[in-house]
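Participant: Have a look at this one.
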Amino acid sequence: MATYEDEYMDILPLREKTPLIRSIEDYFYARNMKQKEGAQLLGINESVFSQILSGKRRITMPIAKRLHSKLGINADMILEYS
């Protein structure tokens, strides 16, 4: 069945969230913050933040620095999953 789906149905695989993305989401969920507030805290556009969380955009070095300084996310995790 899976082979048939792979060959004929052109289904895209689901994007699995990295531990880094889960850490970012957990930070904002624990503080009951909306995505818009998270973008403001990190000093980035809301659409850019949304793309980062969905895996459509990579995390740049300036954003990585803010994740570490403002959210306290482990630098090793940021380097590994960015």
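Here's how to read the names in the structure tokens: chain A, B, ... by the order shown, residue numbers from 1 in each chain, ligand numbers from 1 in the order shown.
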For Lys34 (chain A), list every protein, DNA or RNA residue within 12 Å, evaluated using only C-alpha atoms, and leave out those in the same chain fewer than 6 positions away; present the list as a VMD selection string.
Facilitator: chain A and resid 24 to 28 40 to 41 46 49 to 50
Participant: Would you mind exporting N, CA and C atoms of the selected residues as a CSV table (one decimal), in the first residue's frame?
Facilitator:
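New file part-v2.csv:
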chain,number,residue,atom,x,y,z
A,24,ILE,N,11.1,26.3,20.9
A,24,ILE,CA,10.6,27.7,20.7
A,24,ILE,C,9.1,27.7,21.0
A,25,GLU,N,8.4,26.7,20.5
A,25,GLU,CA,6.9,26.7,20.7
A,25,GLU,C,6.6,26.5,22.1
A,26,ASP,N,7.4,25.6,22.8
A,26,ASP,CA,7.1,25.4,24.3
A,26,ASP,C,7.3,26.6,25.1
A,27,TYR,N,8.3,27.4,24.7
A,27,TYR,CA,8.6,28.7,25.4
A,27,TYR,C,7.4,29.6,25.4
A,28,PHE,N,6.9,29.8,24.2
A,28,PHE,CA,5.7,30.7,24.0
A,28,PHE,C,4.4,30.1,24.6
A,40,GLN,N,7.5,39.7,17.8
A,40,GLN,CA,7.9,41.0,18.3
A,40,GLN,C,9.0,40.9,19.3
A,41,LEU,N,9.0,39.9,20.2
A,41,LEU,CA,10.1,39.7,21.1
A,41,LEU,C,11.4,39.4,20.4
A,46,GLU,N,6.3,38.9,11.6
A,46,GLU,CA,5.4,37.7,12.0
A,46,GLU,C,5.4,36.6,10.9
A,49,PHE,N,8.6,34.6,11.2
A,49,PHE,CA,8.5,33.7,12.4
A,49,PHE,C,7.6,32.5,12.1
A,50,SER,N,6.5,32.7,11.4
A,50,SER,CA,5.7,31.7,11.0
A,50,SER,C,6.4,30.7,10.1
Participant: So which residues of chain A fall under helix (DSSP H, G or I) by DSSP, listed as number ranges by chain?
Facilitator: A: 2-9, 19-30, 35-42, 46-54, 61-71, 75-81
